[in-house]
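> What follows is my_file05.txt; its format and atoms are compact mmCIF, C-alpha atoms and all ligand atoms.
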```txt
# COMPACT_ATOMS: atom_id res chain seq x y z
CA MET A 3 -19.37 4.75 -18.90
CA THR A 4 -19.75 1.42 -20.61
CA ALA A 5 -23.35 1.16 -21.79
CA LYS A 6 -24.86 3.99 -23.79
CA VAL A 7 -28.07 4.86 -21.99
CA GLU A 8 -31.00 6.11 -24.02
CA ARG A 9 -32.04 9.65 -23.13
CA THR A 10 -35.49 10.28 -21.73
CA GLY A 11 -36.14 13.77 -23.05
CA LEU A 12 -38.05 14.41 -19.82
CA ARG A 13 -37.50 17.26 -17.41
CA ILE A 14 -37.02 17.19 -13.66
CA GLU A 15 -40.15 18.80 -12.27
CA SER A 16 -39.27 18.68 -8.58
CA VAL A 17 -36.91 17.19 -6.04
CA ALA A 18 -38.08 16.48 -2.48
CA LEU A 19 -35.84 15.59 0.45
CA HIS A 20 -37.19 13.52 3.35
CA ARG A 21 -35.01 13.05 6.38
CA VAL A 22 -36.04 9.82 8.13
CA ARG A 23 -35.17 7.96 11.31
CA VAL A 24 -36.14 4.29 11.33
CA PRO A 25 -35.60 2.15 14.45
CA LEU A 26 -33.19 -0.80 14.17
CA LEU A 27 -34.30 -4.14 15.65
CA GLU A 28 -31.02 -4.30 17.58
CA PRO A 29 -28.18 -1.79 17.94
CA PHE A 30 -25.40 -2.17 15.36
CA ARG A 31 -22.04 -2.08 17.05
CA ILE A 32 -18.64 -2.06 15.32
CA SER A 33 -15.13 -1.04 16.36
CA SER A 34 -15.88 2.68 15.90
CA GLY A 35 -19.31 3.06 17.52
CA SER A 36 -22.91 1.93 17.91
CA VAL A 37 -26.26 3.08 16.47
CA ALA A 38 -29.83 2.22 17.50
CA GLU A 39 -31.71 3.84 14.61
CA LYS A 40 -31.04 4.29 10.94
CA GLU A 41 -30.97 7.86 9.72
CA ALA A 42 -31.07 8.71 6.04
CA VAL A 43 -32.10 11.41 3.60
CA LEU A 44 -34.48 10.07 0.96
CA VAL A 45 -34.41 11.89 -2.36
CA GLU A 46 -37.59 11.89 -4.44
CA VAL A 47 -37.33 13.10 -8.02
CA ARG A 48 -40.50 13.74 -10.00
CA THR A 49 -40.47 13.94 -13.80
CA SER A 50 -42.50 16.23 -16.03
CA ASP A 51 -44.80 13.31 -16.87
CA GLY A 52 -45.34 12.32 -13.23
CA VAL A 53 -42.88 9.41 -12.83
CA GLU A 54 -41.17 9.19 -9.41
CA GLY A 55 -37.62 8.09 -8.74
CA TRP A 56 -36.22 7.47 -5.29
CA GLY A 57 -32.70 7.59 -3.92
CA GLU A 58 -31.18 7.39 -0.45
CA ALA A 59 -28.25 9.33 1.00
CA SER A 60 -27.32 7.08 3.87
CA PRO A 61 -24.31 8.07 6.00
CA MET A 62 -24.35 6.59 9.50
CA SER A 63 -24.83 9.14 12.27
CA GLY A 64 -21.86 9.79 14.52
CA SER A 65 -18.82 9.42 12.21
CA PHE A 66 -19.32 5.68 12.07
CA TYR A 67 -17.32 4.69 9.01
CA SER A 68 -16.33 8.14 7.82
CA ALA A 69 -16.70 11.84 8.57
CA ASP A 70 -19.94 11.96 6.56
CA THR A 71 -23.15 12.55 8.54
CA PRO A 72 -26.88 12.87 7.84
CA ASP A 73 -26.66 16.61 8.70
CA GLY A 74 -23.86 17.12 6.19
CA ALA A 75 -25.68 15.17 3.47
CA TRP A 76 -28.86 17.17 4.03
CA ARG A 77 -26.98 20.45 3.78
CA ALA A 78 -25.00 19.44 0.69
CA LEU A 79 -28.15 18.26 -1.07
CA ARG A 80 -30.26 21.35 -0.42
CA GLU A 81 -27.52 23.95 -0.86
CA THR A 82 -25.46 22.46 -3.69
CA PHE A 83 -26.52 19.24 -5.38
CA VAL A 84 -30.28 19.70 -5.81
CA PRO A 85 -29.73 23.15 -7.40
CA LEU A 86 -27.09 21.55 -9.71
CA ALA A 87 -29.52 18.82 -10.80
CA LEU A 88 -32.29 21.35 -11.40
CA GLY A 89 -29.77 23.30 -13.46
CA VAL A 90 -29.14 20.25 -15.68
CA GLY A 91 -32.91 19.99 -15.85
CA GLU A 92 -33.17 16.69 -17.72
CA ILE A 93 -33.88 13.24 -16.25
CA ASP A 94 -30.44 11.98 -17.21
CA ALA A 95 -28.43 10.28 -14.49
CA ALA A 96 -25.16 10.35 -16.47
CA GLN A 97 -25.42 14.10 -17.13
CA VAL A 98 -26.18 14.89 -13.51
CA TYR A 99 -23.26 12.67 -12.46
CA LEU A 100 -20.92 14.81 -14.57
CA ALA A 101 -22.24 17.94 -12.81
CA LEU A 102 -21.93 16.38 -9.34
CA ARG A 103 -18.41 15.03 -9.81
CA GLY A 104 -17.09 18.58 -10.24
CA VAL A 105 -17.85 19.25 -6.57
CA PRO A 106 -15.47 17.58 -4.09
CA GLY A 107 -16.69 15.54 -1.11
CA GLU A 108 -20.14 14.49 0.17
CA PRO A 109 -20.24 11.10 -1.58
CA PHE A 110 -23.37 9.94 0.27
CA ALA A 111 -25.37 13.00 -0.79
CA LYS A 112 -24.27 12.49 -4.40
CA ALA A 113 -25.18 8.79 -4.24
CA GLY A 114 -28.68 9.68 -2.99
CA LEU A 115 -29.42 12.21 -5.70
CA GLU A 116 -27.87 10.21 -8.51
CA GLY A 117 -29.76 7.14 -7.27
CA ALA A 118 -33.09 8.96 -7.52
CA LEU A 119 -32.25 10.03 -11.07
CA TRP A 120 -31.18 6.54 -12.12
CA ASP A 121 -34.44 5.16 -10.71
CA ALA A 122 -36.55 7.81 -12.47
CA HIS A 123 -34.55 7.35 -15.67
CA ALA A 124 -35.04 3.57 -15.64
CA ARG A 125 -38.74 3.83 -14.76
CA THR A 126 -39.26 6.31 -17.59
CA LEU A 127 -37.69 3.86 -20.05
CA GLY A 128 -39.60 0.93 -18.48
CA ALA A 129 -36.33 -0.92 -17.80
CA PRO A 130 -34.87 -2.50 -14.65
CA LEU A 131 -32.05 -0.38 -13.24
CA CYS A 132 -29.50 -3.19 -13.68
CA GLU A 133 -30.08 -3.12 -17.45
CA LEU A 134 -29.26 0.60 -17.59
CA LEU A 135 -26.09 -0.22 -15.68
CA GLY A 136 -25.11 -2.80 -18.31
CA GLY A 137 -26.26 -6.00 -16.61
CA ARG A 138 -29.23 -8.27 -16.22
CA ALA A 139 -31.33 -9.19 -13.17
CA ARG A 140 -30.10 -12.34 -11.45
CA PRO A 141 -30.38 -13.67 -7.87
CA VAL A 142 -27.72 -12.01 -5.71
CA PRO A 143 -25.97 -14.13 -3.04
CA SER A 144 -26.18 -12.51 0.40
CA GLY A 145 -23.93 -12.75 3.44
CA VAL A 146 -24.73 -11.61 6.96
CA ALA A 147 -22.56 -9.10 8.84
CA LEU A 148 -22.50 -9.58 12.61
CA GLY A 149 -21.59 -6.66 14.85
CA ILE A 150 -19.75 -6.82 18.14
CA TYR A 151 -21.64 -8.49 21.00
CA ASP A 152 -21.04 -8.61 24.75
CA THR A 153 -20.40 -12.36 24.75
CA VAL A 154 -19.23 -15.05 22.35
CA GLY A 155 -22.42 -16.95 23.23
CA GLU A 156 -24.58 -14.14 21.81
CA LEU A 157 -22.46 -14.03 18.65
CA LEU A 158 -22.81 -17.82 18.18
CA GLU A 159 -26.57 -17.60 18.68
CA ARG A 160 -26.87 -14.89 15.99
CA ALA A 161 -24.52 -16.72 13.61
CA GLY A 162 -26.59 -19.89 14.03
CA ARG A 163 -29.81 -18.04 13.35
CA TYR A 164 -28.57 -16.46 10.12
CA VAL A 165 -26.74 -19.54 8.83
CA SER A 166 -29.99 -21.49 9.26
CA GLU A 167 -31.86 -18.76 7.34
CA GLY A 168 -29.53 -19.47 4.42
CA TYR A 169 -27.02 -16.60 4.39
CA ARG A 170 -24.10 -17.70 2.25
CA ARG A 171 -21.29 -16.11 4.24
CA VAL A 172 -20.79 -14.87 7.79
CA LYS A 173 -18.79 -11.71 8.44
CA ILE A 174 -17.65 -10.98 11.98
CA LYS A 175 -16.81 -7.45 13.05
CA ILE A 176 -13.59 -7.48 15.08
CA GLN A 177 -11.65 -5.03 17.23
CA PRO A 178 -8.66 -5.44 19.57
CA GLY A 179 -9.83 -7.74 22.38
CA TRP A 180 -12.69 -9.13 20.25
CA ASP A 181 -10.94 -11.05 17.52
CA LEU A 182 -9.22 -14.43 17.97
CA GLU A 183 -11.68 -15.89 20.46
CA PRO A 184 -14.95 -15.05 18.66
CA VAL A 185 -13.54 -16.04 15.26
CA ALA A 186 -12.24 -19.38 16.58
CA ALA A 187 -15.60 -20.04 18.25
CA VAL A 188 -17.63 -19.34 15.09
CA ARG A 189 -15.19 -21.38 12.97
CA ALA A 190 -15.43 -24.32 15.41
CA ARG A 191 -19.24 -24.23 15.48
CA PHE A 192 -19.63 -23.76 11.69
CA PRO A 193 -16.57 -25.42 10.10
CA ALA A 194 -17.89 -25.19 6.52
CA VAL A 195 -19.42 -21.72 6.43
CA PRO A 196 -17.56 -19.14 4.32
CA LEU A 197 -16.24 -16.73 6.93
CA THR A 198 -14.71 -13.24 6.80
CA VAL A 199 -13.71 -10.65 9.38
CA ASP A 200 -13.98 -6.87 9.19
CA ALA A 201 -11.84 -4.69 11.47
CA ASN A 202 -13.13 -1.31 10.23
CA ALA A 203 -9.58 0.09 10.46
CA ALA A 204 -9.14 -0.76 14.17
CA TYR A 205 -5.56 -2.15 14.05
CA THR A 206 -2.01 -1.15 13.18
CA LEU A 207 0.86 -3.08 11.68
CA ALA A 208 2.08 -3.72 15.24
CA ASP A 209 -0.92 -6.09 15.56
CA ALA A 210 0.30 -8.26 12.66
CA GLU A 211 0.45 -11.31 14.94
CA VAL A 212 -3.34 -11.23 15.39
CA PHE A 213 -3.76 -11.47 11.63
CA ARG A 214 -1.18 -14.25 11.35
CA GLU A 215 -3.29 -16.25 13.80
CA LEU A 216 -6.48 -15.42 11.90
CA ASP A 217 -4.71 -16.72 8.78
CA ALA A 218 -5.18 -20.25 10.13
CA HIS A 219 -9.01 -20.09 9.99
CA GLY A 220 -9.33 -20.26 6.19
CA LEU A 221 -11.08 -16.88 5.97
CA LEU A 222 -12.35 -15.70 2.58
CA MET A 223 -10.79 -12.31 3.32
CA ILE A 224 -9.76 -9.90 6.06
CA GLU A 225 -11.54 -6.60 5.51
CA GLN A 226 -9.95 -3.24 6.30
CA PRO A 227 -7.49 -4.27 9.02
CA LEU A 228 -5.60 -0.97 9.08
CA ALA A 229 -6.36 2.75 8.86
CA ARG A 230 -8.02 4.20 5.78
CA GLU A 231 -4.88 5.81 4.39
CA ALA A 232 -2.39 3.15 5.53
CA HIS A 233 -1.96 1.80 1.99
CA ALA A 234 1.76 1.02 2.35
CA GLU A 235 1.32 -0.71 5.72
CA ALA A 236 -1.57 -2.75 4.33
CA ALA A 237 0.68 -3.86 1.46
CA GLU A 238 3.28 -4.95 4.01
CA LEU A 239 0.65 -6.87 5.99
CA GLN A 240 -0.66 -8.50 2.81
CA ARG A 241 2.84 -9.78 2.02
CA ARG A 242 2.91 -11.57 5.39
CA LEU A 243 -0.50 -13.28 5.01
CA ARG A 244 -2.07 -15.99 2.88
CA THR A 245 -5.59 -14.63 3.41
CA PRO A 246 -6.48 -11.87 0.93
CA LEU A 247 -6.94 -8.43 2.41
CA CYS A 248 -10.03 -6.51 1.31
CA ALA A 249 -10.01 -2.72 1.08
CA ASP A 250 -13.25 -1.09 2.19
CA GLU A 251 -12.82 2.33 3.85
CA SER A 252 -9.48 2.64 1.98
CA ALA A 253 -11.14 2.20 -1.43
CA GLU A 254 -12.98 5.50 -1.15
CA SER A 255 -12.31 6.89 -4.64
CA PRO A 256 -10.78 6.00 -8.01
CA GLY A 257 -7.56 7.72 -6.87
CA ALA A 258 -7.35 5.63 -3.71
CA LEU A 259 -8.02 2.52 -5.78
CA GLU A 260 -5.04 3.34 -8.02
CA GLU A 261 -2.85 3.54 -4.94
CA ILE A 262 -4.13 0.18 -3.66
CA ILE A 263 -3.44 -1.42 -7.05
CA ALA A 264 0.04 0.12 -7.35
CA LEU A 265 1.15 -0.89 -3.85
CA GLY A 266 -0.61 -4.25 -3.61
CA SER A 267 -2.48 -3.14 -0.47
CA ALA A 268 -5.36 -5.54 -1.06
CA ARG A 269 -6.40 -8.36 -3.37
CA ILE A 270 -10.11 -7.63 -3.06
CA ILE A 271 -12.17 -4.44 -2.89
CA ASN A 272 -15.54 -3.81 -1.35
CA ILE A 273 -17.38 -1.28 -3.53
CA LYS A 274 -20.06 0.58 -1.60
CA VAL A 275 -22.26 2.73 -3.82
CA GLN A 276 -22.79 5.24 -1.00
CA ARG A 277 -19.18 5.58 0.08
CA VAL A 278 -17.80 6.11 -3.43
CA GLY A 279 -20.42 8.71 -4.41
CA GLY A 280 -23.02 6.92 -6.48
CA LEU A 281 -23.66 4.30 -9.13
CA SER A 282 -21.57 5.91 -11.91
CA GLU A 283 -18.47 6.14 -9.76
CA ALA A 284 -19.06 2.62 -8.37
CA ARG A 285 -19.31 1.27 -11.90
CA LEU A 286 -16.05 2.94 -12.93
CA MET A 287 -14.26 1.49 -9.90
CA ARG A 288 -15.63 -1.98 -10.64
CA GLY A 289 -14.21 -1.78 -14.16
CA ARG A 290 -10.80 -0.61 -12.96
CA ALA A 291 -10.57 -3.20 -10.17
CA ARG A 292 -11.49 -6.05 -12.49
CA ALA A 293 -8.96 -4.89 -15.08
CA ALA A 294 -6.29 -4.93 -12.36
CA GLY A 295 -7.25 -8.46 -11.33
CA LEU A 296 -8.72 -7.54 -7.95
CA GLY A 297 -11.68 -9.49 -6.59
CA CYS A 298 -14.81 -7.34 -6.16
CA TRP A 299 -17.99 -7.38 -4.18
CA VAL A 300 -20.74 -4.97 -3.12
CA GLY A 301 -20.92 -3.88 0.52
CA THR A 302 -23.45 -1.81 2.41
CA MET A 303 -23.59 0.28 5.59
CA PRO A 304 -26.39 -1.04 6.34
CA GLU A 305 -28.90 1.04 4.44
CA LEU A 306 -32.67 1.29 4.15
CA GLY A 307 -34.53 -0.50 1.38
CA VAL A 308 -34.16 2.22 -1.26
CA ALA A 309 -30.36 2.16 -1.24
CA SER A 310 -30.29 -1.60 -0.66
CA ALA A 311 -32.45 -2.15 -3.75
CA GLN A 312 -30.08 -0.06 -5.86
CA GLY A 313 -27.12 -1.93 -4.39
CA LEU A 314 -28.76 -5.19 -5.49
CA HIS A 315 -29.06 -3.95 -9.08
CA PHE A 316 -25.39 -2.99 -9.01
CA ALA A 317 -24.43 -6.33 -7.42
CA ALA A 318 -26.27 -8.14 -10.24
CA LEU A 319 -23.60 -6.94 -12.72
CA GLU A 320 -21.03 -9.50 -13.81
CA GLY A 321 -17.82 -9.94 -11.92
CA PHE A 322 -18.87 -9.62 -8.29
CA GLU A 323 -17.63 -12.95 -7.04
CA TYR A 324 -18.34 -12.75 -3.31
CA PRO A 325 -21.70 -12.49 -1.53
CA THR A 326 -22.99 -8.97 -0.92
CA ASP A 327 -23.53 -7.47 2.54
CA ILE A 328 -27.03 -6.48 1.47
CA GLU A 329 -29.32 -8.44 3.73
CA ALA A 330 -33.05 -9.05 4.07
CA SER A 331 -35.05 -6.05 5.34
CA ALA A 332 -35.98 -8.11 8.42
CA ARG A 333 -32.30 -8.38 9.42
CA TRP A 334 -32.40 -4.78 10.65
CA TYR A 335 -35.92 -3.40 10.44
CA ALA A 336 -39.41 -4.22 11.65
CA ASP A 337 -40.60 -1.67 9.14
CA ASP A 338 -38.43 -1.11 6.04
CA LEU A 339 -39.73 1.59 3.69
CA ILE A 340 -40.10 -0.45 0.50
CA GLU A 341 -42.67 -2.91 -0.80
CA PRO A 342 -42.12 -5.76 -1.13
CA ALA A 343 -39.50 -5.99 1.62
CA ILE A 344 -36.16 -7.50 0.62
CA THR A 345 -36.05 -11.20 1.53
CA ILE A 346 -33.57 -14.04 1.07
CA ASP A 347 -34.53 -17.48 -0.15
CA GLY A 348 -33.48 -20.64 1.72
CA GLU A 349 -30.26 -20.80 -0.34
CA GLY A 350 -29.24 -17.28 0.69
CA TYR A 351 -30.11 -15.47 -2.55
CA ILE A 352 -31.98 -12.18 -2.87
CA HIS A 353 -34.28 -11.88 -5.86
CA ILE A 354 -34.59 -8.44 -7.39
CA ALA A 355 -38.24 -7.41 -7.63
CA ALA A 356 -39.42 -7.47 -11.25
CA GLY A 357 -40.31 -4.18 -12.87
CA ALA A 358 -38.79 -0.91 -13.95
CA GLY A 359 -36.27 1.11 -11.95
CA ASN A 360 -35.37 -0.36 -8.57
CA GLY A 361 -38.33 -2.74 -8.91
CA PHE A 362 -39.39 -2.03 -5.33
CA ALA A 363 -42.04 0.58 -4.47
CA VAL A 364 -41.50 3.14 -1.73
CA SER A 365 -44.29 3.23 0.86
CA ARG A 366 -45.23 6.89 1.19
CA GLU A 367 -47.16 6.12 4.37
CA LYS A 368 -44.04 4.68 6.00
CA VAL A 369 -41.86 7.51 4.75
CA GLU A 370 -44.27 9.96 6.42
CA ARG A 371 -44.29 7.91 9.63
CA TYR A 372 -40.52 8.21 10.03
CA THR A 373 -39.89 11.65 8.51
CA VAL A 374 -38.39 14.23 10.87
CA ALA A 375 -37.85 16.97 8.25
CA SER A 376 -38.70 17.49 4.59
CA GLU A 377 -38.31 20.10 1.90
CA GLU A 378 -39.32 20.36 -1.73
CA PHE A 379 -37.58 22.16 -4.60
CA LYS A 380 -39.38 23.00 -7.85
CA ALA A 381 -37.72 23.40 -11.23
MG MG B 1 -16.36 -3.05 5.95
```
I'd like the structure from this file rewritten - as structure tokens, please.


Amino acid sequence: MTAKVERTGLRIESVALHRVRVPLLEPFRISSGSVAEKEAVLVEVRTSDGVEGWGEASPMSGSFYSADTPDGAWRALRETFVPLALGVGEIDAAQVYLALRGVPGEPFAKAGLEGALWDAHARTLGAPLCELLGGRARPVPSGVALGIYDTVGELLERAGRYVSEGYRRVKIKIQPGWDLEPVAAVRARFPAVPLTVDANAAYTLADAEVFRELDAHGLLMIEQPLAREAHAEAAELQRRLRTPLCADESAESPGALEEIIALGSARIINIKVQRVGGLSEARLMRGRARAAGLGCWVGTMPELGVASAQGLHFAALEGFEYPTDIEASARWYADDLIEPAITIDGEGYIHIAAGAGNGFAVSREKVERYTVASEEFKA
């Protein structure tokens, strides 16, 4: 913990869980799978004086990036984490974090509950969330992440659309057989655009030649080329390349980060609030990575507006030197759950909505429209 956060003195009156399924505008396809709708568990905390705070536990369905699932998050929240928070009793995100961190696993569930408490805590104090986290609201540069398409033509069409909307960086998802050709095509069409690739752990060190060829395209970084636990192999690959490697799936915890630092497995880390188990843990990892001289930035899954808004507050902290993956609501959804929707300006920056907490309001009507299950727990 860096900043000392004022205590609220308020009690948690209730915690409600809302499991939602929101349609995506287009399926999101990466090396490990494809999804057509976004599932999440929204966490609604109510304080003893009637303030609401919202969080989002947002694993992808179908073991997309990790073994975490919406079913698992739902179970962990209702059976373990919500009772723990009610046991702490106070609207105090840091205290609840200390209780949650004693239980191994389920980082997405923890991130959702802690997020709701941070939001309620900040709203109670009348402060923007980023100020509780030790920062100050500023426009956050946004980059677009492009999934895997059937043809290079489709990829170029999408890249053109988002570059013209202002996104400040293009990230291309790659997998064996969809790597050198699409990257060369995007680089040729958009010679000046900052470009990265993300392999989502789809390669091995035997594919090093692919990365040596990608090295020629002046990429900002190559994200997660090898398996999650292949720290030593990633270090070997990094030694052979000019382009910095970025650890994403590998940087799953403070312990994994220590290994990455010790071995030199990456020069950059992508800190995802959901994957690392919430804002407190994410903030600790940011501090450690910066102290070790690693570049840092804030990634996303993608997530619905509640988690995206919290990611923006985190990304507003100092020291994140690359554009975030957090995109405009309209990138993925016809109907995001927050108001106002997240938008980017013509220069590719997202402006955090003014006001306390996340700054964005949750639309209860939309939550109800997409809820498939809900449950409430009283103190
Ligand atoms: Mg990634």

> To one decimal in Å, tell me the separation between atom CA of A:Gly35 and atom CA of A:Arg230.

16.3 Å

> Residues within 7 Å of ligand MG 1 (chain B), counting only C-alpha atoms and all ligand atoms: report them as a list of chain:residue names.

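My answer, listing the contacting residues, is A:Asp200, A:Asn202, A:Glu225, A:Gln226, A:Asp250, A:Glu251.
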
> Using only C-alpha atoms, find the one residue out of A:Thr71, A:Asn360, A:Thr126, A:Ser144 that sits nearest to A:Ala330.

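Ranked by minimum distance to A:Ala330, first place goes to A:Ser144.
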
> What is the atom CA of A:Glu58 to atom CA of A:Cys132 distance in Å?

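It comes out at 17.0 Å.
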
> Just checking: using all atoms listed in the file, which residue out of A:Ala122, A:Tyr151, A:Arg288, A:Ala69 ends up closest to A:Glu28?

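For A:Glu28, the nearest of the candidates is A:Tyr151.
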
> For a test of reading the model, state the distance in Å between atom CA of A:Ala42 and atom CA of A:Asn272, rounded to one decimal.

21.3 Å

> Just the residues within 10 Å of A:Leu216, please, counting all atoms listed in the file, with nothing from its chain fewer than 4 positions along; format it as a ChimeraX atom specification.

/A:181-182,185-186,198-199,210-212,220-221,224,243,245

> Which of these, A:Ala113, A:Leu259, A:Leu27, A:Leu239, has the shortest distance to A:Ala309 once you count only C-alpha atoms?

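Closest residue, counting only C-alpha atoms: A:Ala113.
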